[in-house]
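Below is data30.txt, holding compact mmCIF, C-alpha atoms.
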```txt
# COMPACT_ATOMS: atom_id res chain seq x y z
CA MET A 1 22.45 -35.73 -12.25
CA THR A 2 19.13 -34.42 -11.03
CA SER A 3 18.80 -37.35 -8.65
CA ALA A 4 21.90 -36.27 -6.72
CA PRO A 5 21.19 -34.89 -3.26
CA LEU A 6 21.48 -31.14 -2.87
CA VAL A 7 24.38 -31.52 -0.43
CA GLU A 8 26.51 -34.54 0.18
CA PHE A 9 29.50 -35.05 2.47
CA ARG A 10 31.74 -38.02 1.77
CA GLY A 11 34.27 -38.86 4.44
CA VAL A 12 34.88 -35.22 5.26
CA ARG A 13 37.74 -34.42 7.60
CA LYS A 14 38.57 -30.93 8.78
CA THR A 15 41.48 -29.88 10.94
CA PHE A 16 42.53 -26.52 12.27
CA LYS A 17 46.14 -25.59 12.85
CA ARG A 18 47.12 -24.73 16.38
CA GLU A 19 50.38 -23.39 17.73
CA ARG A 20 51.48 -26.94 18.28
CA GLY A 21 50.12 -29.49 15.94
CA GLU A 22 46.54 -29.43 14.84
CA THR A 23 43.06 -30.17 16.06
CA VAL A 24 40.77 -32.46 14.17
CA VAL A 25 37.34 -30.82 14.28
CA LEU A 26 35.38 -33.18 12.07
CA ASP A 27 36.34 -36.66 10.99
CA ASP A 28 34.77 -39.03 8.52
CA VAL A 29 31.55 -37.06 8.25
CA ASN A 30 29.05 -38.52 5.84
CA LEU A 31 25.67 -36.98 5.27
CA GLN A 32 23.14 -36.01 2.65
CA VAL A 33 20.66 -33.17 2.48
CA GLY A 34 17.87 -33.59 -0.02
CA ASP A 35 16.08 -30.85 -1.89
CA GLY A 36 13.22 -29.60 0.32
CA ASP A 37 14.68 -30.90 3.58
CA PHE A 38 14.71 -28.91 6.78
CA VAL A 39 17.67 -30.29 8.68
CA ALA A 40 18.71 -29.25 12.17
CA ILE A 41 22.20 -29.96 13.45
CA VAL A 42 22.56 -30.37 17.18
CA GLY A 43 25.43 -31.36 19.42
CA PRO A 44 27.58 -30.15 22.27
CA SER A 45 29.50 -26.94 21.78
CA GLY A 46 32.84 -27.34 20.07
CA VAL A 47 31.70 -30.40 18.15
CA GLY A 48 32.10 -28.66 14.81
CA LYS A 49 28.51 -27.72 13.98
CA SER A 50 29.39 -24.30 12.61
CA THR A 51 32.36 -25.71 10.71
CA LEU A 52 30.00 -28.16 9.08
CA LEU A 53 27.77 -25.30 7.93
CA ARG A 54 30.72 -23.40 6.57
CA LEU A 55 31.80 -26.45 4.60
CA MET A 56 28.39 -26.37 2.89
CA THR A 57 28.81 -22.74 1.97
CA GLY A 58 32.32 -23.30 0.66
CA LEU A 59 33.76 -20.79 3.11
CA VAL A 60 35.80 -23.66 4.55
CA THR A 61 37.26 -26.53 2.52
CA PRO A 62 37.79 -30.09 3.77
CA ASP A 63 41.28 -31.49 4.36
CA SER A 64 40.15 -34.76 2.97
CA GLY A 65 36.92 -36.19 1.70
CA LYS A 66 34.48 -34.34 -0.48
CA VAL A 67 31.66 -31.86 -0.18
CA LEU A 68 29.33 -32.13 -3.16
CA PHE A 69 26.58 -29.76 -4.17
CA GLU A 70 24.06 -31.14 -6.64
CA GLY A 71 26.52 -33.93 -7.31
CA ARG A 72 29.46 -31.68 -8.10
CA GLU A 73 32.40 -31.13 -5.83
CA LEU A 74 32.34 -27.68 -4.27
CA ARG A 75 35.27 -25.51 -5.22
CA GLY A 76 35.30 -22.05 -3.75
CA VAL A 77 32.33 -20.19 -2.33
CA ASN A 78 28.97 -21.84 -2.90
CA LEU A 79 26.89 -19.23 -4.71
CA GLU A 80 23.79 -21.35 -4.32
CA ALA A 81 23.90 -21.00 -0.54
CA ALA A 82 23.10 -18.06 1.73
CA MET A 83 23.74 -17.74 5.42
CA VAL A 84 21.87 -16.29 8.37
CA PHE A 85 24.10 -15.50 11.32
CA GLN A 86 23.52 -15.55 15.05
CA SER A 87 24.98 -12.06 15.32
CA PHE A 88 22.89 -10.74 12.36
CA ALA A 89 26.07 -9.41 10.69
CA LEU A 90 24.48 -6.22 9.36
CA PHE A 91 26.48 -3.20 8.34
CA PRO A 92 25.71 -0.52 10.95
CA TRP A 93 26.29 2.36 8.57
CA LEU A 94 23.81 1.06 6.01
CA ASN A 95 20.06 1.17 6.42
CA VAL A 96 17.83 -1.87 6.06
CA GLU A 97 17.31 -1.53 2.35
CA GLN A 98 20.98 -0.86 1.66
CA ASN A 99 22.04 -3.86 3.73
CA VAL A 100 19.95 -6.19 1.58
CA ARG A 101 20.87 -4.51 -1.69
CA LEU A 102 24.56 -4.66 -0.96
CA ALA A 103 24.41 -8.43 -0.62
CA LEU A 104 22.75 -8.66 -4.03
CA GLU A 105 24.93 -6.17 -5.82
CA SER A 106 28.10 -7.73 -4.42
CA ARG A 107 27.05 -10.86 -6.29
CA GLY A 108 26.83 -8.86 -9.47
CA ILE A 109 23.07 -8.46 -9.57
CA ASP A 110 21.91 -5.48 -11.61
CA PRO A 111 20.84 -2.49 -9.44
CA HIS A 112 17.36 -2.39 -11.01
CA VAL A 113 16.80 -6.02 -10.21
CA SER A 114 18.25 -5.67 -6.74
CA ARG A 115 15.92 -2.80 -5.93
CA THR A 116 12.75 -4.68 -6.77
CA ARG A 117 14.00 -7.91 -5.26
CA THR A 118 14.94 -6.17 -2.03
CA ALA A 119 11.46 -4.67 -1.78
CA TYR A 120 9.90 -8.06 -2.48
CA TYR A 121 11.82 -9.90 0.23
CA LEU A 122 11.51 -7.15 2.82
CA ASP A 123 7.78 -7.50 2.31
CA LYS A 124 7.98 -11.29 2.67
CA VAL A 125 9.54 -11.04 6.12
CA GLY A 126 7.16 -8.26 7.19
CA LEU A 127 9.69 -5.45 7.07
CA ASP A 128 8.00 -2.93 4.78
CA GLY A 129 8.12 0.36 6.56
CA HIS A 130 11.65 -0.28 7.86
CA GLU A 131 13.55 0.50 4.65
CA GLU A 132 15.32 3.56 5.97
CA ALA A 133 15.84 2.33 9.52
CA TYR A 134 19.41 1.70 10.65
CA PRO A 135 20.35 -1.47 12.49
CA ARG A 136 20.91 0.38 15.78
CA GLU A 137 17.27 1.46 15.75
CA LEU A 138 15.99 -2.10 15.46
CA SER A 139 15.31 -4.76 18.04
CA GLY A 140 17.12 -8.08 17.73
CA GLY A 141 14.05 -9.66 16.19
CA MET A 142 13.85 -7.02 13.47
CA LYS A 143 17.59 -7.25 12.80
CA GLN A 144 17.28 -10.96 12.28
CA ARG A 145 14.38 -10.40 9.89
CA VAL A 146 16.76 -8.21 7.89
CA GLY A 147 19.34 -11.01 8.00
CA LEU A 148 16.71 -13.41 6.74
CA ALA A 149 15.51 -11.07 3.98
CA ARG A 150 19.10 -10.59 2.86
CA ALA A 151 19.67 -14.33 2.62
CA LEU A 152 16.32 -14.97 0.90
CA ALA A 153 16.90 -12.19 -1.60
CA LEU A 154 19.87 -14.11 -2.96
CA GLU A 155 17.32 -16.77 -3.90
CA PRO A 156 19.65 -19.55 -2.81
CA LYS A 157 18.93 -23.24 -3.23
CA LEU A 158 20.23 -23.75 0.28
CA LEU A 159 19.59 -21.56 3.31
CA VAL A 160 22.05 -22.17 6.13
CA MET A 161 21.41 -20.73 9.55
CA ASP A 162 23.90 -20.67 12.39
CA GLU A 163 22.04 -20.40 15.72
CA PRO A 164 19.71 -17.81 14.20
CA PHE A 165 17.52 -17.35 17.26
CA SER A 166 19.93 -17.76 20.14
CA SER A 167 20.66 -14.09 20.68
CA LEU A 168 16.95 -13.26 20.86
CA ASP A 169 14.70 -13.26 23.91
CA ALA A 170 12.31 -16.18 24.37
CA LEU A 171 9.15 -14.55 22.99
CA THR A 172 10.87 -12.92 20.03
CA SER A 173 12.37 -16.24 19.02
CA VAL A 174 8.92 -17.84 19.20
CA SER A 175 7.61 -15.37 16.63
CA LEU A 176 10.65 -15.69 14.38
CA ARG A 177 10.52 -19.48 14.36
CA GLU A 178 6.89 -19.26 13.26
CA GLU A 179 7.77 -16.90 10.46
CA LEU A 180 10.69 -19.03 9.31
CA LEU A 181 8.40 -22.05 9.00
CA GLU A 182 5.91 -19.98 7.05
CA ILE A 183 8.61 -18.84 4.65
CA TRP A 184 10.05 -22.33 4.26
CA ALA A 185 6.59 -23.71 3.48
CA ASP A 186 5.80 -20.92 1.01
CA SER A 187 5.99 -22.59 -2.37
CA THR A 188 6.17 -19.26 -4.17
CA LEU A 189 9.63 -18.64 -2.68
CA PRO A 190 12.67 -20.26 -4.26
CA VAL A 191 14.22 -21.34 -0.96
CA ASN A 192 13.02 -24.73 0.13
CA THR A 193 16.00 -26.36 1.75
CA VAL A 194 17.22 -25.25 5.16
CA VAL A 195 20.11 -26.45 7.30
CA MET A 196 20.17 -24.91 10.75
CA VAL A 197 22.56 -25.26 13.64
CA THR A 198 21.06 -24.95 17.10
CA HIS A 199 21.96 -25.88 20.64
CA LEU A 200 18.29 -26.12 21.59
CA ILE A 201 16.95 -29.62 21.06
CA GLU A 202 13.35 -28.46 21.34
CA GLU A 203 13.94 -25.90 18.64
CA ALA A 204 15.39 -28.60 16.38
CA VAL A 205 12.43 -30.91 16.94
CA GLU A 206 9.92 -28.10 16.51
CA LEU A 207 11.30 -26.97 13.17
CA ALA A 208 13.14 -29.74 11.37
CA ASP A 209 12.26 -32.88 9.41
CA ARG A 210 15.59 -34.37 10.31
CA VAL A 211 17.82 -33.87 13.30
CA LEU A 212 21.48 -34.67 12.78
CA VAL A 213 23.22 -35.35 16.06
CA LEU A 214 26.92 -34.57 16.11
CA THR A 215 29.06 -35.87 18.96
CA GLY A 216 32.66 -36.62 19.84
CA GLN A 217 36.09 -35.08 19.50
CA PRO A 218 36.51 -34.94 16.56
CA GLY A 219 32.84 -34.59 15.66
CA LYS A 220 31.02 -37.28 13.76
CA VAL A 221 27.40 -37.79 12.82
CA ARG A 222 26.14 -39.90 15.67
CA ASP A 223 22.56 -40.21 14.48
CA ASP A 224 20.13 -38.93 11.91
CA LEU A 225 16.59 -38.84 13.27
CA ARG A 226 13.55 -38.26 11.17
CA VAL A 227 10.87 -36.09 12.76
CA SER A 228 7.56 -36.92 11.15
CA LEU A 229 5.21 -35.05 13.49
CA ASP A 230 2.50 -33.01 11.80
CA ARG A 231 2.85 -29.25 11.68
CA PRO A 232 2.26 -27.04 13.54
CA ARG A 233 3.82 -29.22 16.18
CA GLU A 234 2.37 -29.53 19.61
CA LYS A 235 5.23 -28.95 22.00
CA GLN A 236 3.15 -30.20 24.90
CA SER A 237 2.50 -33.56 23.23
CA HIS A 238 3.88 -36.88 24.35
CA GLU A 239 5.34 -37.66 20.91
CA PHE A 240 7.22 -34.38 20.89
CA ASP A 241 8.71 -35.08 24.32
CA GLU A 242 9.75 -38.55 23.23
CA ILE A 243 11.82 -37.27 20.34
CA VAL A 244 13.38 -34.52 22.44
CA ASP A 245 14.35 -37.13 25.05
CA ARG A 246 15.86 -39.38 22.42
CA VAL A 247 18.02 -36.62 20.98
CA PHE A 248 18.99 -35.55 24.47
CA SER A 249 20.10 -39.03 25.44
CA LEU A 250 22.30 -39.22 22.34
CA ILE A 251 24.13 -36.04 23.27
CA VAL A 252 24.60 -36.54 27.00
CA MET B 253 -5.86 15.88 27.09
CA PHE B 254 -3.89 12.81 27.99
CA ALA B 255 -3.39 9.56 26.12
CA ALA B 256 -2.65 6.07 27.36
CA PRO B 257 1.13 5.50 27.22
CA LEU B 258 2.54 2.81 24.95
CA PRO B 259 4.07 -0.05 26.93
CA ASP B 260 7.81 -0.34 26.34
CA THR B 261 7.96 -3.45 24.17
CA GLY B 262 8.07 -4.55 20.56
CA VAL B 263 5.90 -6.33 18.04
CA SER B 264 7.99 -9.53 18.05
CA GLU B 265 7.48 -9.98 21.78
CA ILE B 266 3.73 -9.36 21.50
CA LEU B 267 3.34 -11.90 18.68
CA GLY B 268 5.47 -14.42 20.58
CA LEU B 269 3.35 -14.01 23.67
CA LEU B 270 0.13 -14.60 21.74
CA LYS B 271 1.55 -17.73 20.13
CA VAL B 272 2.67 -19.20 23.45
CA LEU B 273 -0.67 -18.35 25.04
CA ASP B 274 -2.50 -20.02 22.17
CA ASP B 275 -0.32 -23.14 22.57
CA GLN B 276 -1.29 -23.26 26.22
CA GLY B 277 -5.00 -23.33 25.55
CA ALA B 278 -5.69 -19.59 25.33
CA ARG B 279 -5.81 -18.98 29.08
CA ALA B 280 -3.08 -18.86 31.70
CA ASP B 281 -2.27 -17.60 35.14
CA VAL B 282 0.01 -14.61 34.63
CA PHE B 283 2.45 -15.57 37.36
CA ARG B 284 2.83 -19.18 36.20
CA PHE B 285 2.97 -18.08 32.60
CA ALA B 286 5.94 -15.85 33.42
CA GLN B 287 7.63 -18.69 35.27
CA GLU B 288 7.25 -21.05 32.35
CA LEU B 289 8.75 -18.47 30.04
CA ASN B 290 11.60 -17.98 32.48
CA MET B 291 10.68 -14.34 32.74
CA ASP B 292 10.20 -11.95 35.57
CA THR B 293 6.58 -10.81 35.93
CA SER B 294 7.88 -7.26 35.56
CA GLU B 295 9.39 -8.16 32.19
CA LEU B 296 6.19 -9.81 31.06
CA LEU B 297 3.95 -6.97 32.20
CA PRO B 298 4.62 -4.42 29.42
CA ILE B 299 4.13 -7.14 26.81
CA LEU B 300 0.80 -8.13 28.37
CA GLN B 301 -0.26 -4.50 28.61
CA ALA B 302 0.60 -3.97 24.96
CA ALA B 303 -1.33 -7.07 23.92
CA GLU B 304 -4.31 -5.85 25.93
CA LEU B 305 -4.12 -2.31 24.59
CA LEU B 306 -4.15 -3.69 21.05
CA GLY B 307 -7.20 -5.82 21.76
CA PHE B 308 -5.60 -9.28 21.61
CA VAL B 309 -5.95 -10.38 25.25
CA GLN B 310 -7.77 -9.53 28.43
CA THR B 311 -6.36 -9.89 31.91
CA PRO B 312 -9.20 -10.62 34.31
CA GLY B 313 -7.97 -11.14 37.89
CA GLY B 314 -4.44 -12.43 37.48
CA ASP B 315 -5.18 -14.47 34.37
CA VAL B 316 -4.47 -13.73 30.76
CA VAL B 317 -7.07 -14.77 28.18
CA LEU B 318 -6.64 -14.81 24.41
CA LEU B 319 -9.44 -12.93 22.63
CA PRO B 320 -10.78 -13.96 19.19
CA LEU B 321 -8.71 -11.27 17.49
CA GLY B 322 -5.65 -12.60 19.32
CA ARG B 323 -6.37 -16.07 17.99
CA ARG B 324 -6.83 -14.66 14.50
CA ILE B 325 -3.49 -12.92 14.48
CA VAL B 326 -1.73 -16.07 15.70
CA ASP B 327 -3.18 -18.04 12.79
CA ALA B 328 -2.57 -15.32 10.21
CA ASP B 329 0.35 -15.15 7.79
CA ILE B 330 3.08 -12.55 8.14
CA ASN B 331 1.43 -9.84 6.09
CA THR B 332 -2.04 -10.35 7.52
CA LYS B 333 -0.48 -10.10 10.98
CA LYS B 334 0.88 -6.76 9.89
CA SER B 335 -2.52 -5.58 8.65
CA ILE B 336 -4.26 -6.60 11.85
CA LEU B 337 -1.61 -4.85 13.94
CA ARG B 338 -1.88 -1.74 11.81
CA GLU B 339 -5.65 -1.60 12.21
CA GLN B 340 -5.37 -2.00 15.94
CA MET B 341 -2.62 0.59 16.23
CA GLU B 342 -4.66 3.04 14.23
CA LYS B 343 -7.31 2.95 16.95
CA LEU B 344 -4.92 3.99 19.70
CA PRO B 345 -5.41 7.62 20.75
CA LEU B 346 -1.69 8.32 20.56
CA PHE B 347 -1.52 6.97 17.03
CA ARG B 348 -4.66 8.81 15.99
CA PHE B 349 -3.28 12.01 17.37
CA PHE B 350 -0.02 11.83 15.43
CA MET B 351 -1.69 10.57 12.27
CA ASP B 352 -3.91 13.65 12.29
CA PHE B 353 -1.11 15.89 13.44
CA LEU B 354 1.13 14.82 10.56
CA SER B 355 -1.55 14.70 7.89
CA ASN B 356 -2.41 18.32 8.67
CA HIS B 357 1.20 19.17 8.06
CA PRO B 358 1.95 20.13 4.44
CA GLU B 359 4.99 17.87 4.27
CA LYS B 360 3.51 15.09 6.41
CA ALA B 361 6.71 15.22 8.43
CA VAL B 362 8.14 17.13 11.37
CA GLU B 363 11.38 17.28 13.32
CA LYS B 364 11.75 14.61 15.97
CA SER B 365 11.88 17.35 18.62
CA VAL B 366 8.32 18.38 17.75
CA ILE B 367 7.09 14.85 18.38
CA LEU B 368 8.96 14.75 21.69
CA GLU B 369 7.34 17.98 22.75
CA GLU B 370 3.87 16.71 21.93
CA LEU B 371 4.57 13.47 23.77
CA THR B 372 5.57 15.41 26.86
CA LEU B 373 2.13 16.99 26.84
CA LEU B 374 0.17 13.88 25.89
CA VAL B 375 1.81 11.38 28.23
CA PRO B 376 3.42 13.54 30.90
CA THR B 377 4.09 10.63 33.24
CA GLU B 378 6.35 8.80 30.79
CA SER B 379 9.78 9.42 29.37
CA PRO B 380 9.14 11.09 25.99
CA GLU B 381 12.25 9.47 24.50
CA LYS B 382 10.95 6.01 25.38
CA GLN B 383 7.46 6.78 24.15
CA TYR B 384 8.96 8.11 20.95
CA GLY B 385 11.04 4.95 20.54
CA THR B 386 7.98 2.74 20.93
CA LEU B 387 5.80 4.93 18.70
CA LEU B 388 8.41 4.65 15.97
CA LYS B 389 9.01 0.90 16.43
CA TRP B 390 5.32 0.08 16.33
CA GLY B 391 4.59 2.70 13.70
CA ARG B 392 7.24 1.32 11.38
CA TYR B 393 5.89 -2.17 11.70
CA GLY B 394 2.36 -0.93 11.03
CA GLU B 395 3.66 1.18 8.14
CA ILE B 396 2.07 4.19 9.76
CA PHE B 397 5.08 6.25 10.76
CA GLY B 398 8.77 6.37 9.93
CA PHE B 399 11.87 8.36 10.62
CA SER B 400 14.42 9.42 8.06
CA HIS B 401 18.00 10.04 9.11
CA ASP B 402 18.62 11.93 5.92
CA THR B 403 16.06 14.59 6.79
CA GLY B 404 16.05 14.07 10.57
CA ARG B 405 12.27 13.99 10.45
CA PHE B 406 9.47 11.80 11.73
CA PHE B 407 6.96 11.20 8.97
CA LEU B 408 3.59 9.77 8.11
CA ASN B 409 4.04 6.73 5.89
CA THR B 410 1.93 7.52 2.85
CA ARG B 411 3.52 5.03 0.50
CA GLY B 412 2.50 1.48 -0.16
CA ARG B 413 -0.85 -0.11 0.27
CA ARG B 414 -2.00 1.37 3.51
CA ARG B 415 -4.80 3.83 3.74
CA ARG B 416 -5.81 6.28 6.38
CA THR B 417 -8.62 4.70 8.32
CA PRO B 418 -9.75 1.10 8.67
CA ARG B 419 -13.24 0.80 7.31
CA ALA B 420 -15.76 -1.92 6.65
CA GLY B 421 -15.00 -4.00 3.58
CA ASP B 422 -11.45 -2.77 3.40
CA ALA B 423 -8.52 -4.55 1.83
CA HIS B 424 -6.87 -7.70 3.22
CA GLY B 425 -10.16 -9.50 3.63
CA LEU B 426 -10.46 -8.53 7.26
CA PRO B 427 -13.83 -7.97 8.84
CA PRO B 428 -14.46 -4.39 9.88
CA ALA B 429 -12.62 -3.71 13.08
CA ASN B 430 -14.21 -1.37 15.57
CA VAL B 431 -15.73 0.97 13.05
CA PRO B 432 -16.67 4.22 14.76
CA ASP B 433 -20.37 4.90 15.09
CA SER B 434 -20.26 7.93 12.88
CA PRO B 435 -20.16 7.04 9.18
CA GLY B 436 -17.25 8.04 7.03
CA PRO B 437 -13.81 9.09 8.09
CA PRO B 438 -13.17 10.19 11.65
CA ALA B 439 -13.92 13.79 12.54
CA ALA B 440 -11.15 16.10 11.53
CA GLY B 441 -9.22 17.93 14.16
CA GLY B 442 -8.03 14.80 15.92
CA GLU B 443 -9.38 15.52 19.35
CA VAL B 444 -7.68 12.81 21.37
CA GLY B 445 -10.62 12.49 23.71
CA ASP B 446 -12.92 11.61 20.82
CA VAL B 447 -11.04 8.82 19.22
CA GLY B 448 -11.68 6.40 22.02
CA GLY B 449 -15.14 6.26 20.40
CA GLY B 450 -13.98 3.25 18.43
CA GLU B 451 -14.51 1.08 21.50
CA ARG B 452 -17.50 -1.12 21.77
```

Could I get this structure in the form of structure tokens?
Amino acid sequence: MTSAPLVEFRGVRKTFKRERGETVVLDDVNLQVGDGDFVAIVGPSGVGKSTLLRLMTGLVTPDSGKVLFEGRELRGVNLEAAMVFQSFALFPWLNVEQNVRLALESRGIDPHVSRTRTAYYLDKVGLDGHEEAYPRELSGGMKQRVGLARALALEPKLLVMDEPFSSLDALTSVSLREELLEIWADSTLPVNTVVMVTHLIEEAVELADRVLVLTGQPGKVRDDLRVSLDRPREKQSHEFDEIVDRVFSLIV
Amino acid sequence: MFAAPLPDTGVSEILGLLKVLDDQGARADVFRFAQELNMDTSELLPILQAAELLGFVQTPGGDVVLLPLGRRIVDADINTKKSILREQMEKLPLFRFFMDFLSNHPEKAVEKSVILEELTLLVPTESPEKQYGTLLKWGRYGEIFGFSHDTGRFFLNTRGRRRRTPRAGDAHGLPPANVPDSPGPPAAGGEVGDVGGGER
């Protein structure tokens, strides 16, 4: 039981209904995510990357095949997973603290616990001092830190991120990537498994231990590359370039 | 009395810039640096100015050079980054002015309009709304200032672990940063012209 991977896909197929007929988005997808992995999913747009993430969170169910979490088939929403969105998905009428607390209390967490936990995770992402700020007052980078704190505060076994940095400017995303790695490596935090979708190959190679390459219509796992470069990774290095080129050649 | 304006940028951009500069060997030509980042020099400029104002870089003749403190903040963890930024912000005349201004206020808070009025006097060449926005953004990150929508007031952040003035042997294990020559806390009254005395 404990030896089961955290996430496992077995022959997963997902179709979406269209006006006429249906589109197969993913077909015969097989993959495993182990506890402690940092997996990046790359591939051309429309290949089903986001659908794959949503299958892990139980927000979407497969038409055939199985999605297993810790060896058990997922039925309904996966309460052990939390999501960080490209668009931040914060409630504009709630301040920073309330945004995080709402996520906790909507999962039935006691208000006393949610208050202290919210404070703890806001501190972890460097957001103390922003408790009463509203999303409209915050830069994109700060909004995404709120999104991250909200996901972390759920203390999920699996953190899924859908293009978390792609609506941020170049320099802001540099600082957020750094902070994400710090949080992932922090052994005092319960989250240690991350699955992230990105369209930036360099980002995938900079952050992840494994890069899953999705290609085709319908999407399939074309390759599963291990990135064993030491951290922090030297983006200027030859080895880094080599891996980026390899992933690139698989997609094009 | 006039104070140096705050460049219109945020903490995330400043930290990102320092990280990229560090990756590139701590020195770069500003123009080429902007090109590599796919940025206009005019977009990069306020971020560079902010980094310089806070003591993380210098920009001798068209280059940008990472200073030791800049290197230290790149290597630091999230909360140490925050402490370093706070200490640097607390040395800025504009920050010193409003820290004193608010601490002399019984409620440690004033209407936003009061801050705007002061900013008009302190940095007459800049848009007070923009200066206010930056003061609040930076001040929130440094846990120095805040703004409450419930009360409509700009306030001095007196909660948490921060204290008024960075001093030798202070918390967070940081070496003393630019301790003013005079011992003890800075002179009361908050004369903006005086607080530049923290410079070496």

Point-to-point distance in Å for CA of Val194 (chain A) and CA of Ser166 (chain A)
17.0 Å

Would you give me, as number ranges by chain, the residues of chain B that come within 10 Å of chain A, using only C-alpha atoms?
B: 261-272, 275-276, 289-291, 296, 299, 326, 329-334, 385, 388-389, 391-402, 409, 411-412

Tell me, as a PyMOL selection string, which residues lie within 6 Å of Asp315 (chain B), counting all atoms listed in the file; anything in the same chain fewer than 4 positions away does not count.
chain B and resi 280-282+311

Calculate how many Å separate CA of Val33 (chain A) from CA of Leu152 (chain A), rounding to one decimal.
18.8 Å

Expressed in Å to a single decimal, how great is the separation between CA of Pro298 (chain B) and CA of Glu339 (chain B)?
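Rounded to one decimal, the two atoms are 20.2 Å apart.
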
So that I can see what lies close to Ser228 (chain A), please list as number ranges by chain the residues with an atom at most 10 Å from it, counting all atoms listed in the file and leaving out residues fewer than 3 positions away in the same chain.
A: 205, 208-210, 225, 231, 233

Got time to write the residues from that selection, C-alpha atoms, as a compact mmCIF listing (two decimals), keeping the file's coordinate frame?
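Output file again23.txt is given in full below:
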```txt
# COMPACT_ATOMS: atom_id res chain seq x y z
CA VAL A 205 12.43 -30.91 16.94
CA ALA A 208 13.14 -29.74 11.37
CA ASP A 209 12.26 -32.88 9.41
CA ARG A 210 15.59 -34.37 10.31
CA LEU A 225 16.59 -38.84 13.27
CA ARG A 231 2.85 -29.25 11.68
CA ARG A 233 3.82 -29.22 16.18
```

If you count all atoms listed in the file, which residues fall within 7 Å of region 97-107 of chain A, apart from same-chain ones fewer than 6 positions away, as a PDB file with C-alpha atoms, keeping the file's coordinate frame?
```pdb
ATOM      1  CA  LEU A  90      24.480  -6.220   9.360  1.00  0.00           C
ATOM      2  CA  PHE A  91      26.480  -3.200   8.340  1.00  0.00           C
ATOM      3  CA  SER A 114      18.250  -5.670  -6.740  1.00  0.00           C
ATOM      4  CA  ARG A 115      15.920  -2.800  -5.930  1.00  0.00           C
ATOM      5  CA  THR A 118      14.940  -6.170  -2.030  1.00  0.00           C
ATOM      6  CA  GLU A 131      13.550   0.500   4.650  1.00  0.00           C
ATOM      7  CA  GLU A 132      15.320   3.560   5.970  1.00  0.00           C
ATOM      8  CA  ARG A 150      19.100 -10.590   2.860  1.00  0.00           C
ATOM      9  CA  LEU A 154      19.870 -14.110  -2.960  1.00  0.00           C
TER      10      LEU A 154
END
```

Compare A:Gly11, A:Gly36, A:Gly58, A:Pro5 by their minimum atom-to-atom distance to Glu70 (chain A), counting only C-alpha atoms, and give me the closest one.
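The answer is A:Pro5, which sits nearest to Glu70 (chain A).
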
Give me, as a compact mmCIF listing (two decimals) with C-alpha atoms, in the frame of the given file, all polymer residues having an atom no more than 9 Å from Leu374 (chain B), counting only C-alpha atoms and skipping those fewer than 6 positions away in the same chain.
```
# COMPACT_ATOMS: atom_id res chain seq x y z
CA MET B 253 -5.86 15.88 27.09
CA PHE B 254 -3.89 12.81 27.99
CA ALA B 255 -3.39 9.56 26.12
CA ALA B 256 -2.65 6.07 27.36
CA PRO B 257 1.13 5.50 27.22
CA LEU B 346 -1.69 8.32 20.56
```

Of the residues A:Ile201, A:Ser3, A:Leu250, A:Phe16, which is the one nearest to Gly216 (chain A), using only C-alpha atoms?
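Comparing A:Ile201, A:Ser3, A:Leu250, A:Phe16 against Gly216 (chain A), the winner is A:Leu250.
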
So which one's closest to Glu206 (chain A), A:Phe88, A:Phe38, A:Phe69, A:Phe9? Using all atoms listed in the file, please.
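That would be A:Phe38, the residue with the smallest distance to Glu206 (chain A).
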